[in-house]
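I have placed the structure first, in the form of structure tokens, so that the comments after it can refer back to it.
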Amino acid sequence: GKCVWLDADPGHDDATAILLAIHCPNIHLIGLSTVHGNASAGCTEANAARCLCAFGAPERISVYPGATKPLLRPAGYDPEIHGIDGLGGVEGLPNVDNPAVQARLAAGSRAIEGMANAIRGCWKDGEGHKVTIVSSGPMTNVALFVSVYPDLLEGVEEFVFMGGGVGVGNRSAVAEFNILRDPEAAQIVLNVPIRKTMIPLNVTHTAIVTRDVHAQLLSPGHKPDGHPELPRASSNLRHTLSTLITYFADAYRSTFGFHQGPPLHDALTIAYVSQPDLFKCERFRVDVELNGSHTAGETVVDVWNYLPCDNTWGPSGKNCVVAQSLDVKGFFQLLLDCVARCDQV
Ligand code: BDR
Ligand code: CA
């Protein structure tokens, strides 16, 4: 499997990314760090540990807490979408004072130190494997990591991040939450001279947890039967995931008018690493608008190749692979398979 480090701000959809990272067959999760974002860093850290326990992560995985604020700007959270603590309405997760959760919290060092050690451990100066760094929140930790440990970039296969949009935003007309929260960090990462893949809103907005998918999450093999009521959860895990989807669906309905269900943004990052052929992609120059009077935090994707760019991944090149579309059925099949596997542990 591919060695993956996940940096997240759980977060309802981040929680599903964590589940996939633990249970996708060809992914070897080597660490999980957390960042400010959907909620305060203290909350996202606790939530990550609660998810690791609830989803049966191997004991070697603990939580590495990272940046509590963006590089330059004040912190800002998203209680409207994720509740005050970042996992509003989610039932059945262990509490933060649960000893198993505490054990996951106590074991980790700081995020960038954890990343560095994990990469050294995998890469072994070229004798071992490269690591894919996946980001499903603001990119503060990743920007700090590449700035503090540039020598370790040779051990990094790729950065994969959920963030941005091509001409569309969700926390302003054109800015997506993860980029808007720390635009300078995102630009730093975009200029790093290794491969990057961006999973933008244009694509994540197609990964909608419809009623049918929700019914199958509750009860595997459930066939659409026209019943207005959802089936009963066939396990505690499935009940937990159902409460997560219900809360997220309500938030997306009231905030954005999504009536078919909520988009599972962050889960697509891990799905991409596990099964890249679920996605169609194209490589472009991508930069972040840092100062626009209307457009701060926008990802500017040069889809018509206006800029003269070389073939490097750095500041002068077409620096980013951008996902264009998703095999939606295939993605939800992967998710349901992972949930079934998670149910066994
Ligand atoms: C992103 O922002 C957060 O609400 C989600 O967790 C996701 O990472 C979507 O814009
Ligand atoms: Ca997130």
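The chains in the structure tokens are called A, B, ... from first to last as shown; in each chain the residues are counted from 1, and the ligands are counted from 1 in the order shown.
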
Proximity check range 20-79 of chain A to range 262-280 of chain A, 9 Å, nearest pairs one decimal Å, only C-alpha atoms, as CSV:
residue,atom,partner,partner_atom,distance
A:Leu20,CA,A:Ile270,CA,6.5
A:Ala21,CA,A:Ile270,CA,6.1
A:Cys24,CA,A:Ser274,CA,6.8
A:Pro25,CA,A:Ser274,CA,8.0
A:Asn26,CA,A:Ser274,CA,6.1
A:Ile27,CA,A:Ser274,CA,6.3

Which residues of chain A come within 8 Å of ligand 2, and what is each one's closest atom pair and distance in Å (one decimal), counting only C-alpha atoms and all ligand atoms, sorted by chain and residue number, as CSV?
residue,atom,partner,partner_atom_place_in_ligand_line,distance
A:Ala8,CA,ligand 2,1 (Ca),5.9
A:Asp9,CA,ligand 2,1 (Ca),5.1
A:Pro10,CA,ligand 2,1 (Ca),6.0
A:Gly11,CA,ligand 2,1 (Ca),5.6
A:His12,CA,ligand 2,1 (Ca),7.7
A:Asp13,CA,ligand 2,1 (Ca),6.3
A:Asp14,CA,ligand 2,1 (Ca),4.9
A:Gly37,CA,ligand 2,1 (Ca),7.2
A:Asn38,CA,ligand 2,1 (Ca),6.6
A:Ser136,CA,ligand 2,1 (Ca),4.5
A:Gly137,CA,ligand 2,1 (Ca),4.2
A:Pro138,CA,ligand 2,1 (Ca),7.6
A:Met162,CA,ligand 2,1 (Ca),7.6
A:Asn178,CA,ligand 2,1 (Ca),7.0
A:His265,CA,ligand 2,1 (Ca),7.7
A:Asp266,CA,ligand 2,1 (Ca),5.9

Contacts between range 87-104 of chain A and range 6-68 of chain A, please, where a residue of range 6-68 of chain A counts if it comes within 6 Å (with only C-alpha atoms); show its shortest atom pair and distance in Å to one decimal, rows by chain and ascending number, as a tab-separated table.
residue	atom	partner	partner_atom	distance
A:Gly11	CA	A:Leu87	CA	5.6
A:His12	CA	A:Leu87	CA	5.8
A:Ala49	CA	A:Val101	CA	5.5
A:Arg50	CA	A:Val101	CA	5.7
A:Ala54	CA	A:Leu93	CA	5.9
A:Ser62	CA	A:Arg104	CA	4.5
A:Val63	CA	A:Arg104	CA	5.9

Minimum-distance residue to Phe332 in chain A, chosen among A:Ile194, A:Leu217, A:Ala107, A:Leu152 (using only C-alpha atoms)
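For Phe332 in chain A, the nearest of the given residues is A:Leu217.
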
Run DSSP on the backbone of this structure and report the residues of range 81-308 of chain A it assigns to strand (DSSP E), as number ranges by chain.
A: 131-135, 156-162, 196-199, 279-284, 286-288, 299-301

Keeping only C-alpha atoms, write the selected residues to a file as a CSV table (one decimal), in the first residue's frame.
chain,number,residue,atom,x,y,z
A,131,VAL,CA,5.1,9.3,1.5
A,132,THR,CA,2.0,11.0,0.2
A,133,ILE,CA,0.9,13.9,2.4
A,134,VAL,CA,-2.9,14.5,2.3
A,135,SER,CA,-4.5,17.7,3.6
A,156,VAL,CA,7.5,13.1,-0.4
A,157,GLU,CA,5.7,11.5,-3.3
A,158,GLU,CA,2.9,14.0,-3.6
A,159,PHE,CA,0.7,16.5,-1.8
A,160,VAL,CA,-3.0,15.9,-2.2
A,161,PHE,CA,-5.4,18.5,-0.9
A,162,MET,CA,-9.1,19.2,-0.8
A,196,LYS,CA,0.5,18.3,-6.1
A,197,THR,CA,-3.1,17.3,-6.7
A,198,MET,CA,-6.0,19.6,-5.9
A,199,ILE,CA,-9.5,18.2,-5.3
A,279,PHE,CA,-10.9,10.8,-11.2
A,280,LYS,CA,-10.3,12.6,-14.4
A,281,CYS,CA,-7.6,15.2,-14.0
A,282,GLU,CA,-5.7,17.9,-15.8
A,283,ARG,CA,-2.5,19.8,-15.0
A,284,PHE,CA,-2.5,23.6,-14.7
A,286,VAL,CA,-2.7,27.3,-9.8
A,287,ASP,CA,-2.1,30.3,-7.5
A,288,VAL,CA,-4.0,31.8,-4.7
A,299,THR,CA,-7.6,29.6,-6.3
A,300,VAL,CA,-6.7,31.1,-9.7
A,301,VAL,CA,-6.6,28.1,-12.1

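Among A:Cys53, A:Cys309, A:Val303, A:Leu180, the residue with the shortest atom-to-atom distance to ligand 1, counting only C-alpha atoms and all ligand atoms, is A:Leu180.
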
Best match for closeness to Ala340 in chain A among A:Pro193, A:Gly221, A:Gly167, A:Gly83, counting only C-alpha atoms:
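Ranked by minimum distance to Ala340 in chain A, first place goes to A:Gly221.
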
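Using only C-alpha atoms, the smallest distance between any of A:Ser316, A:Asn170, A:Asn236, A:Asn305 and Thr255 in chain A comes from A:Asn170.
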
Given only C-alpha atoms and all ligand atoms as the basis, pick out the residue of A:Val203, A:Ala67, A:Val192, A:Leu72 nearest to ligand 1.
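Looking at the shortest contact to ligand 1, the residue is A:Val203.
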
Pick the closest to ligand 1 from A:Lys130, A:Arg181, A:Arg110, A:Arg60: which is it, counting only C-alpha atoms and all ligand atoms?
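Between A:Lys130, A:Arg181, A:Arg110, A:Arg60, the residue approaching ligand 1 most closely is A:Arg181.
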
Spatial neighbours of Ala185 in chain A, max dist 10 Å, only C-alpha atoms, sep filter under 5 positions, as a list in words
Pro70, Leu71, Leu72, Pro138, Met139, Thr140, Asn141, Val142, Ala143, Leu144, Ile179, Leu180, Leu190 and Val288 of chain A

Saved selection, atoms kept: N, CA and C atoms, as a PDB file, in the first residue's frame:
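And here is the file that came out, again.pdb:
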ATOM      1  N   PRO A  70      -3.808  30.429  11.529  1.00  0.00           N
ATOM      2  CA  PRO A  70      -3.160  30.588  10.219  1.00  0.00           C
ATOM      3  C   PRO A  70      -1.825  31.322  10.338  1.00  0.00           C
ATOM      4  N   LEU A  71      -1.013  31.297   9.273  1.00  0.00           N
ATOM      5  CA  LEU A  71       0.306  31.920   9.304  1.00  0.00           C
ATOM      6  C   LEU A  71       0.224  33.417   9.593  1.00  0.00           C
ATOM      7  N   LEU A  72      -0.671  34.118   8.886  1.00  0.00           N
ATOM      8  CA  LEU A  72      -0.728  35.575   9.036  1.00  0.00           C
ATOM      9  C   LEU A  72      -2.046  36.078   9.600  1.00  0.00           C
ATOM     10  N   PRO A 138      -7.209  23.642   6.358  1.00  0.00           N
ATOM     11  CA  PRO A 138      -6.284  24.719   5.990  1.00  0.00           C
ATOM     12  C   PRO A 138      -4.848  24.183   5.992  1.00  0.00           C
ATOM     13  N   MET A 139      -3.992  24.716   5.111  1.00  0.00           N
ATOM     14  CA  MET A 139      -2.700  24.068   4.878  1.00  0.00           C
ATOM     15  C   MET A 139      -1.562  24.607   5.736  1.00  0.00           C
ATOM     16  N   THR A 140      -1.883  25.180   6.891  1.00  0.00           N
ATOM     17  CA  THR A 140      -0.863  25.770   7.764  1.00  0.00           C
ATOM     18  C   THR A 140       0.232  24.767   8.134  1.00  0.00           C
ATOM     19  N   ASN A 141      -0.149  23.579   8.588  1.00  0.00           N
ATOM     20  CA  ASN A 141       0.864  22.593   9.002  1.00  0.00           C
ATOM     21  C   ASN A 141       1.761  22.195   7.843  1.00  0.00           C
ATOM     22  N   VAL A 142       1.160  21.982   6.688  1.00  0.00           N
ATOM     23  CA  VAL A 142       1.939  21.520   5.543  1.00  0.00           C
ATOM     24  C   VAL A 142       2.915  22.618   5.107  1.00  0.00           C
ATOM     25  N   ALA A 143       2.469  23.878   5.133  1.00  0.00           N
ATOM     26  CA  ALA A 143       3.350  24.997   4.775  1.00  0.00           C
ATOM     27  C   ALA A 143       4.506  25.091   5.767  1.00  0.00           C
ATOM     28  N   LEU A 144       4.223  24.895   7.043  1.00  0.00           N
ATOM     29  CA  LEU A 144       5.296  24.921   8.045  1.00  0.00           C
ATOM     30  C   LEU A 144       6.251  23.759   7.818  1.00  0.00           C
ATOM     31  N   ILE A 179      -8.844  27.108   1.758  1.00  0.00           N
ATOM     32  CA  ILE A 179      -7.885  28.066   1.191  1.00  0.00           C
ATOM     33  C   ILE A 179      -8.085  29.432   1.842  1.00  0.00           C
ATOM     34  N   LEU A 180      -9.333  29.828   2.001  1.00  0.00           N
ATOM     35  CA  LEU A 180      -9.638  31.140   2.577  1.00  0.00           C
ATOM     36  C   LEU A 180      -9.076  31.263   3.996  1.00  0.00           C
ATOM     37  N   LEU A 190       1.662  25.404  -2.811  1.00  0.00           N
ATOM     38  CA  LEU A 190       1.540  25.340  -4.270  1.00  0.00           C
ATOM     39  C   LEU A 190       2.876  25.587  -4.969  1.00  0.00           C
ATOM     40  N   VAL A 288      -2.915  31.361  -5.557  1.00  0.00           N
ATOM     41  CA  VAL A 288      -3.964  31.830  -4.658  1.00  0.00           C
ATOM     42  C   VAL A 288      -3.995  33.349  -4.677  1.00  0.00           C
TER      43      VAL A 288
END

Name the residues of range 78-152 of chain A that come out as helix (DSSP H, G or I) in a backbone DSSP run; write them as a ChimeraX atom specification.
/A:79-82,99-107,111-126,140-148,150-152

Write a file of the just-selected residues containing N, CA and C atoms, as a CSV table (one decimal), in the first residue's frame.
chain,number,residue,atom,x,y,z
A,79,PRO,N,-18.7,27.0,12.7
A,79,PRO,CA,-19.8,26.4,13.5
A,79,PRO,C,-21.1,26.2,12.7
A,80,GLU,N,-21.3,27.1,11.7
A,80,GLU,CA,-22.6,27.0,10.9
A,80,GLU,C,-22.7,25.6,10.2
A,81,ILE,N,-21.5,25.1,9.8
A,81,ILE,CA,-21.5,23.8,9.1
A,81,ILE,C,-21.2,22.6,10.0
A,82,HIS,N,-20.2,22.8,10.9
A,82,HIS,CA,-19.7,21.7,11.7
A,82,HIS,C,-20.1,21.7,13.2
A,99,PRO,N,-10.1,6.9,28.4
A,99,PRO,CA,-8.7,6.6,28.4
A,99,PRO,C,-8.1,6.2,27.1
A,100,ALA,N,-8.9,5.5,26.2
A,100,ALA,CA,-8.4,5.1,24.9
A,100,ALA,C,-8.1,6.4,24.1
A,101,VAL,N,-9.0,7.4,24.2
A,101,VAL,CA,-8.8,8.6,23.4
A,101,VAL,C,-7.6,9.4,24.0
A,102,GLN,N,-7.5,9.4,25.3
A,102,GLN,CA,-6.4,10.1,25.9
A,102,GLN,C,-5.1,9.5,25.5
A,103,ALA,N,-5.1,8.2,25.4
A,103,ALA,CA,-3.8,7.5,25.0
A,103,ALA,C,-3.4,7.9,23.6
A,104,ARG,N,-4.3,8.1,22.7
A,104,ARG,CA,-4.0,8.6,21.3
A,104,ARG,C,-3.5,10.0,21.3
A,105,LEU,N,-4.0,10.8,22.3
A,105,LEU,CA,-3.6,12.2,22.4
A,105,LEU,C,-2.2,12.3,23.0
A,106,ALA,N,-1.9,11.5,24.0
A,106,ALA,CA,-0.7,11.6,24.7
A,106,ALA,C,0.5,11.2,23.9
A,107,ALA,N,0.3,10.3,23.0
A,107,ALA,CA,1.5,9.7,22.3
A,107,ALA,C,2.2,10.5,21.3
A,111,ALA,N,2.8,18.3,15.1
A,111,ALA,CA,2.5,17.8,13.8
A,111,ALA,C,3.7,17.8,12.8
A,112,ILE,N,4.5,18.9,12.7
A,112,ILE,CA,5.5,18.8,11.7
A,112,ILE,C,6.7,17.9,12.1
A,113,GLU,N,6.9,17.8,13.4
A,113,GLU,CA,7.9,16.8,13.9
A,113,GLU,C,7.5,15.4,13.6
A,114,GLY,N,6.2,15.1,13.8
A,114,GLY,CA,5.6,13.8,13.6
A,114,GLY,C,5.8,13.5,12.1
A,115,MET,N,5.4,14.4,11.2
A,115,MET,CA,5.6,14.2,9.8
A,115,MET,C,7.0,13.9,9.4
A,116,ALA,N,7.9,14.7,10.0
A,116,ALA,CA,9.3,14.6,9.7
A,116,ALA,C,9.8,13.2,10.1
A,117,ASN,N,9.5,12.8,11.3
A,117,ASN,CA,10.0,11.5,11.7
A,117,ASN,C,9.4,10.3,10.9
A,118,ALA,N,8.1,10.5,10.6
A,118,ALA,CA,7.4,9.4,9.8
A,118,ALA,C,8.0,9.3,8.4
A,119,ILE,N,8.4,10.5,7.8
A,119,ILE,CA,8.9,10.4,6.5
A,119,ILE,C,10.3,9.8,6.5
A,120,ARG,N,11.1,10.2,7.5
A,120,ARG,CA,12.5,9.6,7.7
A,120,ARG,C,12.3,8.1,7.8
A,121,GLY,N,11.3,7.7,8.6
A,121,GLY,CA,11.1,6.3,8.9
A,121,GLY,C,10.7,5.5,7.6
A,122,CYS,N,10.0,6.1,6.7
A,122,CYS,CA,9.5,5.4,5.5
A,122,CYS,C,10.6,5.5,4.4
A,123,TRP,N,11.1,6.7,4.2
A,123,TRP,CA,12.0,7.0,3.1
A,123,TRP,C,13.4,6.3,3.3
A,124,LYS,N,13.8,6.3,4.5
A,124,LYS,CA,15.1,5.6,4.9
A,124,LYS,C,16.2,6.1,3.9
A,125,ASP,N,16.3,7.4,3.7
A,125,ASP,CA,17.4,7.9,2.7
A,125,ASP,C,17.4,7.2,1.4
A,126,GLY,N,16.2,6.9,0.9
A,126,GLY,CA,16.1,6.3,-0.5
A,126,GLY,C,16.0,4.8,-0.5
A,140,THR,N,-1.9,25.2,6.9
A,140,THR,CA,-0.9,25.8,7.8
A,140,THR,C,0.2,24.8,8.1
A,141,ASN,N,-0.1,23.6,8.6
A,141,ASN,CA,0.9,22.6,9.0
A,141,ASN,C,1.8,22.2,7.8
A,142,VAL,N,1.2,22.0,6.7
A,142,VAL,CA,1.9,21.5,5.5
A,142,VAL,C,2.9,22.6,5.1
A,143,ALA,N,2.5,23.9,5.1
A,143,ALA,CA,3.4,25.0,4.8
A,143,ALA,C,4.5,25.1,5.8
A,144,LEU,N,4.2,24.9,7.0
A,144,LEU,CA,5.3,24.9,8.0
A,144,LEU,C,6.3,23.8,7.8
A,145,PHE,N,5.7,22.6,7.5
A,145,PHE,CA,6.5,21.4,7.3
A,145,PHE,C,7.5,21.6,6.2
A,146,VAL,N,7.0,22.1,5.0
A,146,VAL,CA,7.9,22.3,3.9
A,146,VAL,C,8.9,23.4,4.1
A,147,SER,N,8.6,24.4,5.0
A,147,SER,CA,9.5,25.4,5.3
A,147,SER,C,10.6,25.0,6.3
A,148,VAL,N,10.2,24.2,7.2
A,148,VAL,CA,11.2,23.8,8.3
A,148,VAL,C,12.0,22.6,7.8
A,150,PRO,N,12.9,21.4,4.4
A,150,PRO,CA,13.0,21.3,2.9
A,150,PRO,C,13.8,20.0,2.5
A,151,ASP,N,14.7,19.6,3.3
A,151,ASP,CA,15.5,18.4,3.0
A,151,ASP,C,14.7,17.1,2.9
A,152,LEU,N,13.6,17.1,3.6
A,152,LEU,CA,12.8,15.9,3.6
A,152,LEU,C,11.8,15.8,2.4
